[in-house]
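This is query-v5.cif. It holds mmCIF, C-alpha atoms and all ligand atoms.
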```
data_target
loop_
_atom_site.group_PDB
_atom_site.id
_atom_site.type_symbol
_atom_site.label_atom_id
_atom_site.label_comp_id
_atom_site.auth_asym_id
_atom_site.auth_seq_id
_atom_site.Cartn_x
_atom_site.Cartn_y
_atom_site.Cartn_z
ATOM 1 C CA MET A 273 -42.769 -36.131 -62.493
ATOM 2 C CA ASN A 274 -42.409 -37.078 -58.831
ATOM 3 C CA LEU A 275 -40.315 -34.985 -56.489
ATOM 4 C CA ILE A 276 -40.778 -37.469 -53.668
ATOM 5 C CA GLU A 277 -41.476 -41.172 -53.594
ATOM 6 C CA VAL A 278 -41.919 -42.879 -50.272
ATOM 7 C CA LYS A 279 -41.760 -46.655 -50.265
ATOM 8 C CA ASN A 280 -42.783 -48.825 -47.318
ATOM 9 C CA LEU A 281 -41.633 -46.196 -44.862
ATOM 10 C CA LYS A 282 -41.593 -47.131 -41.201
ATOM 11 C CA LYS A 283 -40.793 -45.011 -38.186
ATOM 12 C CA TYR A 284 -40.896 -46.871 -34.915
ATOM 13 C CA PHE A 285 -39.944 -45.277 -31.639
ATOM 14 C CA VAL A 286 -38.640 -47.314 -28.764
ATOM 15 C CA GLU A 287 -40.208 -46.477 -25.460
ATOM 16 C CA LYS A 288 -38.456 -47.737 -22.366
ATOM 17 C CA ASP A 289 -40.617 -48.523 -19.427
ATOM 18 C CA GLY A 290 -38.168 -48.335 -16.533
ATOM 19 C CA LEU A 291 -34.762 -49.892 -16.960
ATOM 20 C CA ILE A 292 -35.839 -53.460 -17.462
ATOM 21 C CA LYS A 293 -35.043 -54.600 -20.986
ATOM 22 C CA LYS A 294 -38.146 -56.676 -21.539
ATOM 23 C CA ASN A 295 -40.335 -53.662 -20.977
ATOM 24 C CA ILE A 296 -39.142 -52.013 -24.155
ATOM 25 C CA LYS A 297 -42.138 -51.075 -26.248
ATOM 26 C CA GLU A 298 -42.237 -50.219 -29.886
ATOM 27 C CA VAL A 299 -44.438 -47.329 -30.949
ATOM 28 C CA LYS A 300 -45.368 -47.794 -34.591
ATOM 29 C CA ALA A 301 -45.865 -44.132 -35.415
ATOM 30 C CA VAL A 302 -45.474 -44.593 -39.173
ATOM 31 C CA ASP A 303 -46.144 -48.136 -40.261
ATOM 32 C CA ASP A 304 -45.371 -49.147 -43.837
ATOM 33 C CA VAL A 305 -46.493 -46.113 -45.774
ATOM 34 C CA SER A 306 -46.042 -45.589 -49.535
ATOM 35 C CA PHE A 307 -46.996 -42.554 -51.633
ATOM 36 C CA TYR A 308 -45.585 -39.961 -53.989
ATOM 37 C CA ILE A 309 -45.686 -36.185 -54.289
ATOM 38 C CA LYS A 310 -45.461 -34.710 -57.775
ATOM 39 C CA LYS A 311 -43.288 -31.690 -58.488
ATOM 40 C CA GLY A 312 -45.222 -28.507 -57.854
ATOM 41 C CA GLU A 313 -48.214 -30.068 -56.158
ATOM 42 C CA THR A 314 -49.546 -29.771 -52.631
ATOM 43 C CA LEU A 315 -50.294 -32.994 -50.814
ATOM 44 C CA GLY A 316 -52.581 -32.459 -47.823
ATOM 45 C CA LEU A 317 -52.223 -34.837 -44.899
ATOM 46 C CA VAL A 318 -55.225 -35.346 -42.621
ATOM 47 C CA GLY A 319 -56.274 -37.564 -39.729
ATOM 48 C CA GLU A 320 -56.995 -37.186 -36.024
ATOM 49 C CA SER A 321 -54.252 -36.196 -33.586
ATOM 50 C CA GLY A 322 -51.954 -39.111 -32.907
ATOM 51 C CA CYS A 323 -52.346 -40.665 -36.360
ATOM 52 C CA GLY A 324 -48.706 -40.059 -37.245
ATOM 53 C CA LYS A 325 -49.001 -37.067 -39.575
ATOM 54 C CA SER A 326 -46.256 -34.979 -38.003
ATOM 55 C CA THR A 327 -44.022 -37.999 -37.538
ATOM 56 C CA LEU A 328 -44.463 -38.905 -41.186
ATOM 57 C CA GLY A 329 -43.550 -35.354 -42.247
ATOM 58 C CA ARG A 330 -40.576 -35.207 -39.921
ATOM 59 C CA THR A 331 -39.288 -38.584 -41.010
ATOM 60 C CA LEU A 332 -39.734 -37.643 -44.645
ATOM 61 C CA ILE A 333 -37.503 -34.587 -44.235
ATOM 62 C CA ARG A 334 -35.055 -36.616 -42.162
ATOM 63 C CA LEU A 335 -35.479 -34.862 -38.860
ATOM 64 C CA TYR A 336 -35.677 -38.452 -37.669
ATOM 65 C CA ASP A 337 -33.760 -41.546 -38.626
ATOM 66 C CA VAL A 338 -35.714 -43.982 -40.755
ATOM 67 C CA THR A 339 -36.603 -47.337 -39.231
ATOM 68 C CA ASP A 340 -37.170 -48.964 -42.622
ATOM 69 C CA GLY A 341 -38.154 -48.128 -46.170
ATOM 70 C CA GLU A 342 -37.075 -45.636 -48.823
ATOM 71 C CA ILE A 343 -37.425 -41.904 -49.342
ATOM 72 C CA ILE A 344 -36.572 -41.045 -52.938
ATOM 73 C CA PHE A 345 -36.056 -37.305 -53.285
ATOM 74 C CA ASP A 346 -35.606 -36.116 -56.856
ATOM 75 C CA GLY A 347 -34.426 -39.569 -57.874
ATOM 76 C CA VAL A 348 -32.056 -40.218 -54.957
ATOM 77 C CA ASP A 349 -32.783 -42.379 -51.924
ATOM 78 C CA ILE A 350 -31.882 -40.268 -48.888
ATOM 79 C CA SER A 351 -33.419 -42.569 -46.280
ATOM 80 C CA LYS A 352 -30.114 -43.958 -45.041
ATOM 81 C CA ASN A 353 -27.924 -40.881 -45.448
ATOM 82 C CA LYS A 354 -25.880 -39.736 -42.492
ATOM 83 C CA GLU A 355 -26.218 -36.091 -41.489
ATOM 84 C CA LYS A 356 -23.020 -35.117 -43.316
ATOM 85 C CA ASP A 357 -24.480 -36.510 -46.545
ATOM 86 C CA LEU A 358 -27.728 -34.607 -46.192
ATOM 87 C CA LYS A 359 -26.305 -31.128 -46.879
ATOM 88 C CA GLN A 360 -27.811 -30.680 -50.343
ATOM 89 C CA PHE A 361 -31.103 -32.129 -49.170
ATOM 90 C CA ARG A 362 -31.230 -29.789 -46.162
ATOM 91 C CA LYS A 363 -30.921 -26.798 -48.465
ATOM 92 C CA ARG A 364 -33.677 -27.970 -50.780
ATOM 93 C CA VAL A 365 -36.122 -28.862 -48.028
ATOM 94 C CA GLN A 366 -37.484 -26.381 -45.494
ATOM 95 C CA THR A 367 -40.159 -26.404 -42.800
ATOM 96 C CA ILE A 368 -42.838 -23.969 -41.711
ATOM 97 C CA PHE A 369 -43.791 -24.740 -38.150
ATOM 98 C CA GLN A 370 -47.079 -24.585 -36.352
ATOM 99 C CA ASP A 371 -46.180 -22.062 -33.736
ATOM 100 C CA PRO A 372 -44.486 -18.874 -34.934
ATOM 101 C CA TYR A 373 -44.151 -17.831 -31.299
ATOM 102 C CA ALA A 374 -41.991 -20.792 -30.429
ATOM 103 C CA SER A 375 -40.114 -21.233 -33.691
ATOM 104 C CA LEU A 376 -38.608 -17.750 -33.977
ATOM 105 C CA ASN A 377 -35.665 -16.879 -31.762
ATOM 106 C CA PRO A 378 -36.846 -13.907 -29.641
ATOM 107 C CA ASN A 379 -33.320 -12.467 -29.520
ATOM 108 C CA MET A 380 -32.868 -12.278 -33.270
ATOM 109 C CA THR A 381 -34.159 -9.579 -35.613
ATOM 110 C CA ALA A 382 -36.378 -10.515 -38.547
ATOM 111 C CA ARG A 383 -33.386 -9.867 -40.815
ATOM 112 C CA ASP A 384 -31.162 -12.319 -38.970
ATOM 113 C CA ILE A 385 -33.894 -14.926 -38.725
ATOM 114 C CA ILE A 386 -34.413 -14.827 -42.484
ATOM 115 C CA LYS A 387 -30.658 -14.845 -43.134
ATOM 116 C CA GLU A 388 -29.989 -17.856 -40.920
ATOM 117 C CA PRO A 389 -30.618 -20.547 -43.593
ATOM 118 C CA LEU A 390 -28.417 -18.520 -45.965
ATOM 119 C CA ASP A 391 -25.631 -18.534 -43.369
ATOM 120 C CA ILE A 392 -25.900 -22.291 -43.138
ATOM 121 C CA HIS A 393 -26.398 -23.172 -46.786
ATOM 122 C CA THR A 394 -24.765 -20.492 -48.959
ATOM 123 C CA LYS A 395 -21.547 -18.525 -49.346
ATOM 124 C CA LEU A 396 -23.291 -15.246 -50.105
ATOM 125 C CA SER A 397 -21.719 -12.034 -48.806
ATOM 126 C CA ASN A 398 -23.429 -10.217 -45.977
ATOM 127 C CA ALA A 399 -24.687 -7.543 -48.369
ATOM 128 C CA GLN A 400 -26.143 -10.202 -50.642
ATOM 129 C CA LYS A 401 -27.833 -11.894 -47.704
ATOM 130 C CA ASN A 402 -29.355 -8.598 -46.660
ATOM 131 C CA GLU A 403 -30.738 -8.141 -50.151
ATOM 132 C CA VAL A 404 -32.336 -11.588 -50.000
ATOM 133 C CA ALA A 405 -33.821 -10.789 -46.583
ATOM 134 C CA TYR A 406 -35.379 -7.562 -47.932
ATOM 135 C CA GLU A 407 -36.699 -9.363 -50.975
ATOM 136 C CA MET A 408 -38.238 -12.138 -48.871
ATOM 137 C CA LEU A 409 -39.842 -9.661 -46.476
ATOM 138 C CA GLU A 410 -41.552 -8.066 -49.448
ATOM 139 C CA LYS A 411 -42.585 -11.423 -50.890
ATOM 140 C CA VAL A 412 -44.448 -12.257 -47.692
ATOM 141 C CA GLY A 413 -46.203 -8.909 -47.500
ATOM 142 C CA LEU A 414 -43.868 -7.148 -45.075
ATOM 143 C CA SER A 415 -41.217 -4.550 -45.945
ATOM 144 C CA ARG A 416 -37.574 -3.722 -45.314
ATOM 145 C CA GLU A 417 -38.692 -1.369 -42.553
ATOM 146 C CA HIS A 418 -39.513 -4.515 -40.586
ATOM 147 C CA ALA A 419 -35.996 -5.955 -40.922
ATOM 148 C CA ASP A 420 -34.600 -4.807 -37.596
ATOM 149 C CA ARG A 421 -37.571 -5.578 -35.423
ATOM 150 C CA TYR A 422 -37.729 -8.471 -33.003
ATOM 151 C CA PRO A 423 -40.401 -11.199 -32.993
ATOM 152 C CA HIS A 424 -42.297 -9.674 -30.050
ATOM 153 C CA GLU A 425 -42.856 -6.512 -32.096
ATOM 154 C CA PHE A 426 -44.939 -8.419 -34.641
ATOM 155 C CA SER A 427 -48.465 -9.848 -34.578
ATOM 156 C CA GLY A 428 -48.970 -13.614 -34.782
ATOM 157 C CA GLY A 429 -49.756 -13.452 -38.494
ATOM 158 C CA GLN A 430 -46.690 -11.306 -39.174
ATOM 159 C CA ARG A 431 -44.535 -13.718 -37.226
ATOM 160 C CA GLN A 432 -45.744 -16.587 -39.365
ATOM 161 C CA ARG A 433 -44.910 -14.462 -42.431
ATOM 162 C CA ILE A 434 -41.348 -14.185 -41.105
ATOM 163 C CA GLY A 435 -41.279 -17.955 -40.634
ATOM 164 C CA ILE A 436 -42.359 -18.297 -44.259
ATOM 165 C CA ALA A 437 -39.720 -15.775 -45.421
ATOM 166 C CA ARG A 438 -37.072 -17.773 -43.567
ATOM 167 C CA ALA A 439 -38.171 -20.994 -45.265
ATOM 168 C CA LEU A 440 -38.177 -19.310 -48.682
ATOM 169 C CA SER A 441 -34.790 -17.597 -48.393
ATOM 170 C CA VAL A 442 -32.819 -20.553 -49.782
ATOM 171 C CA LYS A 443 -35.358 -21.100 -52.607
ATOM 172 C CA PRO A 444 -36.247 -24.623 -51.531
ATOM 173 C CA ASP A 445 -37.934 -27.189 -53.764
ATOM 174 C CA PHE A 446 -40.019 -28.642 -50.977
ATOM 175 C CA ILE A 447 -41.601 -27.216 -47.827
ATOM 176 C CA PHE A 448 -43.154 -29.268 -45.070
ATOM 177 C CA CYS A 449 -45.948 -27.111 -43.636
ATOM 178 C CA ASP A 450 -46.707 -28.596 -40.219
ATOM 179 C CA GLU A 451 -49.998 -26.988 -39.212
ATOM 180 C CA PRO A 452 -48.824 -23.534 -40.287
ATOM 181 C CA ILE A 453 -52.132 -21.842 -39.441
ATOM 182 C CA SER A 454 -53.320 -23.702 -36.344
ATOM 183 C CA ALA A 455 -51.874 -21.187 -33.896
ATOM 184 C CA LEU A 456 -53.222 -18.144 -35.760
ATOM 185 C CA ASP A 457 -56.449 -16.192 -35.322
ATOM 186 C CA VAL A 458 -59.166 -17.521 -37.575
ATOM 187 C CA SER A 459 -59.428 -14.076 -39.177
ATOM 188 C CA ILE A 460 -55.888 -14.259 -40.570
ATOM 189 C CA GLN A 461 -55.691 -17.967 -41.383
ATOM 190 C CA ALA A 462 -57.080 -17.449 -44.876
ATOM 191 C CA GLN A 463 -54.538 -14.692 -45.579
ATOM 192 C CA VAL A 464 -51.648 -16.971 -44.678
ATOM 193 C CA ILE A 465 -53.104 -19.837 -46.725
ATOM 194 C CA ASN A 466 -53.475 -17.568 -49.735
ATOM 195 C CA LEU A 467 -49.930 -16.324 -49.294
ATOM 196 C CA LEU A 468 -48.595 -19.901 -49.179
ATOM 197 C CA ASP A 469 -50.599 -20.768 -52.270
ATOM 198 C CA ASP A 470 -49.308 -17.745 -54.222
ATOM 199 C CA LEU A 471 -45.700 -18.385 -53.196
ATOM 200 C CA LYS A 472 -45.966 -21.996 -54.254
ATOM 201 C CA ASP A 473 -46.718 -20.928 -57.819
ATOM 202 C CA GLU A 474 -44.185 -18.110 -57.872
ATOM 203 C CA PHE A 475 -41.308 -20.163 -56.459
ATOM 204 C CA LYS A 476 -42.435 -23.516 -57.943
ATOM 205 C CA ILE A 477 -42.454 -25.213 -54.570
ATOM 206 C CA THR A 478 -43.915 -28.571 -53.614
ATOM 207 C CA TYR A 479 -45.760 -28.762 -50.292
ATOM 208 C CA LEU A 480 -46.654 -31.408 -47.791
ATOM 209 C CA PHE A 481 -49.365 -29.675 -45.835
ATOM 210 C CA ILE A 482 -50.819 -30.675 -42.475
ATOM 211 C CA ALA A 483 -53.774 -28.812 -40.995
ATOM 212 C CA HIS A 484 -56.646 -29.627 -38.712
ATOM 213 C CA ASP A 485 -59.064 -27.504 -40.675
ATOM 214 C CA LEU A 486 -60.299 -29.873 -43.372
ATOM 215 C CA SER A 487 -61.814 -27.065 -45.439
ATOM 216 C CA MET A 488 -58.428 -25.327 -45.575
ATOM 217 C CA VAL A 489 -56.754 -28.576 -46.595
ATOM 218 C CA ARG A 490 -59.213 -28.977 -49.414
ATOM 219 C CA TYR A 491 -58.664 -25.414 -50.533
ATOM 220 C CA ILE A 492 -54.882 -25.664 -50.782
ATOM 221 C CA SER A 493 -54.304 -29.330 -51.714
ATOM 222 C CA ASP A 494 -54.136 -30.951 -55.130
ATOM 223 C CA ARG A 495 -54.239 -34.376 -53.532
ATOM 224 C CA VAL A 496 -55.091 -35.519 -50.037
ATOM 225 C CA CYS A 497 -53.736 -38.394 -47.952
ATOM 226 C CA VAL A 498 -55.807 -39.703 -45.040
ATOM 227 C CA MET A 499 -53.894 -41.380 -42.206
ATOM 228 C CA TYR A 500 -55.103 -43.547 -39.383
ATOM 229 C CA LEU A 501 -52.856 -44.977 -36.685
ATOM 230 C CA GLY A 502 -49.661 -44.766 -38.700
ATOM 231 C CA SER A 503 -51.143 -46.094 -41.948
ATOM 232 C CA ILE A 504 -52.628 -44.545 -45.056
ATOM 233 C CA VAL A 505 -56.295 -45.470 -45.427
ATOM 234 C CA GLU A 506 -57.101 -43.415 -48.523
ATOM 235 C CA ILE A 507 -55.251 -41.118 -50.919
ATOM 236 C CA GLY A 508 -56.300 -39.370 -54.103
ATOM 237 C CA ASN A 509 -57.184 -36.110 -55.802
ATOM 238 C CA SER A 510 -58.777 -33.624 -53.415
ATOM 239 C CA SER A 511 -62.012 -33.596 -55.372
ATOM 240 C CA ASP A 512 -62.270 -37.408 -55.265
ATOM 241 C CA ILE A 513 -61.488 -37.598 -51.569
ATOM 242 C CA TYR A 514 -63.849 -34.803 -50.561
ATOM 243 C CA GLU A 515 -66.716 -35.526 -52.945
ATOM 244 C CA ASN A 516 -66.502 -39.276 -53.075
ATOM 245 C CA PRO A 517 -64.710 -40.597 -49.978
ATOM 246 C CA ARG A 518 -64.727 -44.389 -49.912
ATOM 247 C CA HIS A 519 -63.007 -45.450 -46.702
ATOM 248 C CA PRO A 520 -65.258 -45.531 -43.619
ATOM 249 C CA TYR A 521 -62.704 -43.471 -41.700
ATOM 250 C CA THR A 522 -62.473 -40.788 -44.383
ATOM 251 C CA LYS A 523 -66.272 -40.628 -44.501
ATOM 252 C CA ALA A 524 -66.495 -40.170 -40.758
ATOM 253 C CA LEU A 525 -63.743 -37.574 -40.716
ATOM 254 C CA LEU A 526 -65.291 -35.525 -43.509
ATOM 255 C CA SER A 527 -68.806 -35.739 -42.183
ATOM 256 C CA SER A 528 -67.648 -33.496 -39.349
ATOM 257 C CA ILE A 529 -67.368 -30.626 -41.852
ATOM 258 C CA PRO A 530 -70.641 -28.729 -41.905
ATOM 259 C CA SER A 531 -73.186 -28.430 -44.714
ATOM 260 C CA ILE A 532 -71.153 -27.792 -47.872
ATOM 261 C CA TYR A 533 -70.069 -31.408 -47.858
ATOM 262 C CA SER A 534 -73.589 -32.690 -47.452
ATOM 263 C CA SER A 535 -72.910 -35.331 -50.111
ATOM 264 C CA VAL A 536 -71.193 -37.215 -47.300
ATOM 265 C CA LYS A 537 -73.742 -38.716 -44.942
ATOM 266 C CA GLU A 538 -73.222 -38.005 -41.285
ATOM 267 C CA GLU A 539 -71.168 -40.752 -39.654
ATOM 268 C CA ILE A 540 -70.196 -40.465 -36.050
ATOM 269 C CA LEU A 541 -66.654 -41.376 -35.145
ATOM 270 C CA GLU A 542 -66.832 -42.991 -31.751
ATOM 271 C CA GLY A 543 -64.043 -43.810 -29.323
ATOM 272 C CA ASP A 544 -60.408 -42.818 -29.435
ATOM 273 C CA VAL A 545 -57.558 -43.763 -31.689
ATOM 274 C CA PRO A 546 -56.088 -46.994 -30.190
ATOM 275 C CA SER A 547 -52.494 -47.022 -28.969
ATOM 276 C CA PRO A 548 -49.834 -47.361 -31.673
ATOM 277 C CA ILE A 549 -47.930 -49.633 -29.283
ATOM 278 C CA ASN A 550 -50.432 -52.410 -29.740
ATOM 279 C CA PRO A 551 -52.488 -51.575 -32.804
ATOM 280 C CA PRO A 552 -55.438 -53.834 -33.715
ATOM 281 C CA SER A 553 -54.601 -56.774 -35.996
ATOM 282 C CA GLY A 554 -55.693 -56.691 -39.614
ATOM 283 C CA CYS A 555 -57.359 -53.378 -40.408
ATOM 284 C CA LYS A 556 -56.329 -50.925 -37.697
ATOM 285 C CA PHE A 557 -59.631 -49.090 -37.992
ATOM 286 C CA ARG A 558 -61.737 -52.157 -37.262
ATOM 287 C CA THR A 559 -62.294 -51.368 -33.573
ATOM 288 C CA ARG A 560 -64.205 -48.239 -34.593
ATOM 289 C CA CYS A 561 -65.682 -49.419 -37.888
ATOM 290 C CA LYS A 562 -69.329 -50.400 -38.077
ATOM 291 C CA TYR A 563 -68.737 -52.390 -41.280
ATOM 292 C CA ALA A 564 -66.022 -54.611 -39.781
ATOM 293 C CA GLU A 565 -66.200 -58.331 -40.513
ATOM 294 C CA LYS A 566 -64.015 -61.333 -39.757
ATOM 295 C CA ILE A 567 -61.578 -60.697 -42.587
ATOM 296 C CA CYS A 568 -60.904 -57.199 -41.203
ATOM 297 C CA GLU A 569 -59.475 -58.773 -38.070
ATOM 298 C CA GLU A 570 -57.385 -61.298 -39.960
ATOM 299 C CA GLN A 571 -55.857 -59.365 -42.842
ATOM 300 C CA ALA A 572 -54.573 -55.855 -43.332
ATOM 301 C CA PRO A 573 -56.368 -54.483 -46.375
ATOM 302 C CA LYS A 574 -54.235 -53.852 -49.455
ATOM 303 C CA ALA A 575 -54.515 -50.794 -51.676
ATOM 304 C CA LYS A 576 -57.370 -50.836 -54.166
ATOM 305 C CA ASP A 577 -56.991 -48.500 -57.108
ATOM 306 C CA LEU A 578 -60.325 -46.889 -57.918
ATOM 307 C CA GLY A 579 -58.819 -45.085 -60.911
ATOM 308 C CA ASP A 580 -57.025 -41.787 -61.309
ATOM 309 C CA ASN A 581 -54.643 -42.798 -58.510
ATOM 310 C CA HIS A 582 -57.415 -42.862 -55.939
ATOM 311 C CA LEU A 583 -56.295 -45.610 -53.555
ATOM 312 C CA VAL A 584 -58.343 -46.971 -50.701
ATOM 313 C CA TYR A 585 -57.379 -49.576 -48.102
ATOM 314 C CA CYS A 586 -60.563 -51.385 -47.084
ATOM 315 C CA HIS A 587 -61.818 -54.961 -47.577
ATOM 316 C CA MET A 588 -65.365 -53.822 -48.195
ATOM 317 C CA VAL A 589 -64.682 -51.349 -51.010
HETATM 318 FE FE1 LIG B 601 -63.914 -51.253 -41.753
HETATM 319 FE FE2 LIG B 601 -63.038 -53.654 -42.532
HETATM 320 FE FE3 LIG B 601 -62.861 -51.583 -44.173
HETATM 321 FE FE4 LIG B 601 -61.309 -51.739 -42.030
HETATM 322 S S1 LIG B 601 -61.283 -53.113 -43.779
HETATM 323 S S2 LIG B 601 -62.396 -49.961 -42.744
HETATM 324 S S3 LIG B 601 -62.681 -52.665 -40.554
HETATM 325 S S4 LIG B 601 -64.745 -52.522 -43.404
HETATM 326 MG MG MG B 602 -49.138 -32.709 -35.331
#
```

Show me, as structure tokens, the structure contained in the file I just sent.
Ligand code: SF4
Ligand code: MG
Amino acid sequence: MNLIEVKNLKKYFVEKDGLIKKNIKEVKAVDDVSFYIKKGETLGLVGESGCGKSTLGRTLIRLYDVTDGEIIFDGVDISKNKEKDLKQFRKRVQTIFQDPYASLNPNMTARDIIKEPLDIHTKLSNAQKNEVAYEMLEKVGLSREHADRYPHEFSGGQRQRIGIARALSVKPDFIFCDEPISALDVSIQAQVINLLDDLKDEFKITYLFIAHDLSMVRYISDRVCVMYLGSIVEIGNSSDIYENPRHPYTKALLSSIPSIYSSVKEEILEGDVPSPINPPSGCKFRTRCKYAEKICEEQAPKAKDLGDNHLVYCHMV
């Protein structure tokens, strides 16, 4: 059963160049993207910086207005809802941010940080909220002794644990993890990943998970979605994507992971991601693809189903 279905989602930003109307540019950050996330699974989202991963996640959880398309959450299209009609959705969907230093209010205690979503979304008494805060602290490997400390009194890893406790406090169905380990020491990244994985099972949460570390994404994800310049180029089960990548971009991306993925031949990814203001016609990857032919310039490739919901968007597959 799907918790989320995204259909032809577009998020364009308007960039004004001075005050002259004709200089308005459209940035196609998310450009006609469709996929689903099953209840209880983790969908990993990968691609170079500037490919639209964060924008896709943020649009999906309605931190942004939707330019076009549908976001079906648990059977209901929430893509056009006004803020006042998003209350239920806001309670069921939480975010864990990249930077626990920036995302925790330095003037609030851990207790109050964890209680904040409960203040917004529930009518629990103060005593009840305190109980939840204690419980969540323990769930993330801290204790009630930590409740009255301020963010600066914690290590980076502990701060991210508080960010996780805050997200969990309202027992959400879905958490958008936007690079939750990128700002942490390598030595504690695995601990936080394992914690997120355990909590997912315990609380029956569904994750959309962005990380730069492709090995971590493989470890935590049931399925993986590869994005390039606002579009999906390949999506499928983690094992299919990592062991048998079919899109030239996915191959190049994965070949940067050392040795263990030696089944993928080394392919060098040259050049930068082109601007999303004026993306290449046809296949957006064609300016960096060594297999590009005439058709790649003329037509955007459609999804090809390779079986088991492994979709790839390439004319040559
Ligand atoms: Fe390369 Fe053409 Fe495939 Fe795009 S459609 S990835 S340009 S071969
Ligand atoms: Mg990002």

#### Entry: the PyMOL selection byres (((chain A and resi 505) around 12) and not hetatm) resolved against shown file, as JSON, numbers by chain
{"A": [303, 304, 305, 306, 307, 317, 318, 319, 323, 496, 497, 498, 499, 500, 501, 502, 503, 504, 506, 507, 508, 513, 517, 518, 519, 520, 521, 522, 523, 525, 555, 556, 557, 558, 572, 573, 574, 575, 576, 582, 583, 584, 585, 586, 587, 589]}

Ligand MG 602 (chain B): which residues are within 8 Å, counting all atoms listed in the file, as a compact mmCIF listing (two decimals) with C-alpha atoms, keeping the file's coordinate frame?
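Just written: part04.txt:
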```txt
# COMPACT_ATOMS: atom_id res chain seq x y z
CA SER A 321 -54.25 -36.20 -33.59
CA GLY A 322 -51.95 -39.11 -32.91
CA GLY A 324 -48.71 -40.06 -37.24
CA LYS A 325 -49.00 -37.07 -39.58
CA SER A 326 -46.26 -34.98 -38.00
CA THR A 327 -44.02 -38.00 -37.54
CA ASP A 450 -46.71 -28.60 -40.22
CA GLU A 451 -50.00 -26.99 -39.21
CA ILE A 482 -50.82 -30.68 -42.48
```

### Query
In file coordinates, which residues lie within 9 Å of (-40.1, -16.1, -44.5) using only C-alpha atoms, given as a PyMOL selection string?
chain A and resi 368+382+385-386+405+408-409+411-412+431-441

Box for ligand LIG 601 (chain B) - axis-aligned, 8 Å on each of the six sides, all listed atoms - centre and size in Å to one decimal, as JSON.
```
{"center_x": -63.0, "center_y": -51.8, "center_z": -42.4, "size_x": 19.5, "size_y": 19.7, "size_z": 19.6}
```

### Task
Identify all residues satisfying the PyMOL selection byres (((chain A and resi 424) around 10) and not hetatm) in the given file; provide them as a list in words.
Tyr373, Leu376, Asn377, Pro378, Asn379, Thr381, Arg421, Tyr422, Pro423, Glu425, Phe426, Ser427, Gly428 and Arg431 of chain A

Can I get the selection written as a CSV table (one decimal), keeping the file's coordinate frame, with C-alpha atoms?
```
chain,number,residue,atom,x,y,z
A,373,TYR,CA,-44.2,-17.8,-31.3
A,376,LEU,CA,-38.6,-17.8,-34.0
A,377,ASN,CA,-35.7,-16.9,-31.8
A,378,PRO,CA,-36.8,-13.9,-29.6
A,379,ASN,CA,-33.3,-12.5,-29.5
A,381,THR,CA,-34.2,-9.6,-35.6
A,421,ARG,CA,-37.6,-5.6,-35.4
A,422,TYR,CA,-37.7,-8.5,-33.0
A,423,PRO,CA,-40.4,-11.2,-33.0
A,425,GLU,CA,-42.9,-6.5,-32.1
A,426,PHE,CA,-44.9,-8.4,-34.6
A,427,SER,CA,-48.5,-9.8,-34.6
A,428,GLY,CA,-49.0,-13.6,-34.8
A,431,ARG,CA,-44.5,-13.7,-37.2
```

### Query
Looking at A:Leu315, A:Leu332, A:Val299, A:Met380, which one is nearest to Gln366 in chain A, with distances taken over only C-alpha atoms?
A:Leu332

### Task
Using the chain letters and numbering of this document, enumerate as a VMD selection string the residues selected by the PyMOL selection byres (((chain A and resi 465) around 12) and not hetatm).
chain A and resid 412 429 432 to 433 436 449 451 to 454 456 458 to 464 466 to 472 481 to 483 485 487 to 493

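The residue that comes closest to ligand LIG 601 (chain B), out of A:Gln400, A:Ser375, A:Ser415, A:Ser553 and on the basis of all atoms listed in the file, is A:Ser553.
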
### Message
Using only C-alpha atoms, which protein or nucleic acid residues come within 7 Å of range 340-345 of chain A? Drop anything in the same chain fewer than 3 positions from it, and give the result as a list in words.
### Response
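Selected residues are Leu275, Ile276, Glu277, Val278, Lys279, Asn280, Leu281, Lys282, Lys283, Leu332, Val348, Asp349, Ile350 and Ser351 of chain A.
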
Save out the residues we just selected, C-alpha atoms, as a PDB file, in the coordinates of the input.
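Done, and the output landed in part-v2.pdb:
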```pdb
ATOM      1  CA  LEU A 275     -40.315 -34.985 -56.489  1.00  0.00           C
ATOM      2  CA  ILE A 276     -40.778 -37.469 -53.668  1.00  0.00           C
ATOM      3  CA  GLU A 277     -41.476 -41.172 -53.594  1.00  0.00           C
ATOM      4  CA  VAL A 278     -41.919 -42.879 -50.272  1.00  0.00           C
ATOM      5  CA  LYS A 279     -41.760 -46.655 -50.265  1.00  0.00           C
ATOM      6  CA  ASN A 280     -42.783 -48.825 -47.318  1.00  0.00           C
ATOM      7  CA  LEU A 281     -41.633 -46.196 -44.862  1.00  0.00           C
ATOM      8  CA  LYS A 282     -41.593 -47.131 -41.201  1.00  0.00           C
ATOM      9  CA  LYS A 283     -40.793 -45.011 -38.186  1.00  0.00           C
ATOM     10  CA  LEU A 332     -39.734 -37.643 -44.645  1.00  0.00           C
ATOM     11  CA  VAL A 348     -32.056 -40.218 -54.957  1.00  0.00           C
ATOM     12  CA  ASP A 349     -32.783 -42.379 -51.924  1.00  0.00           C
ATOM     13  CA  ILE A 350     -31.882 -40.268 -48.888  1.00  0.00           C
ATOM     14  CA  SER A 351     -33.419 -42.569 -46.280  1.00  0.00           C
TER      15      SER A 351
END
```

### Task
Between A:Glu313, A:Asp577, A:Glu298, A:Glu287, single out the one closest to Ile447 in chain A, counting all atoms listed in the file.
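Ranking A:Glu313, A:Asp577, A:Glu298, A:Glu287 by distance to Ile447 in chain A, first place goes to A:Glu313.
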
### Counting all atoms listed in the file, the option among A:Glu474, A:Glu515, A:Glu565, A:Asp337 closest to ligand LIG 601 (chain B)
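Between A:Glu474, A:Glu515, A:Glu565, A:Asp337, the residue approaching ligand LIG 601 (chain B) most closely is A:Glu565.
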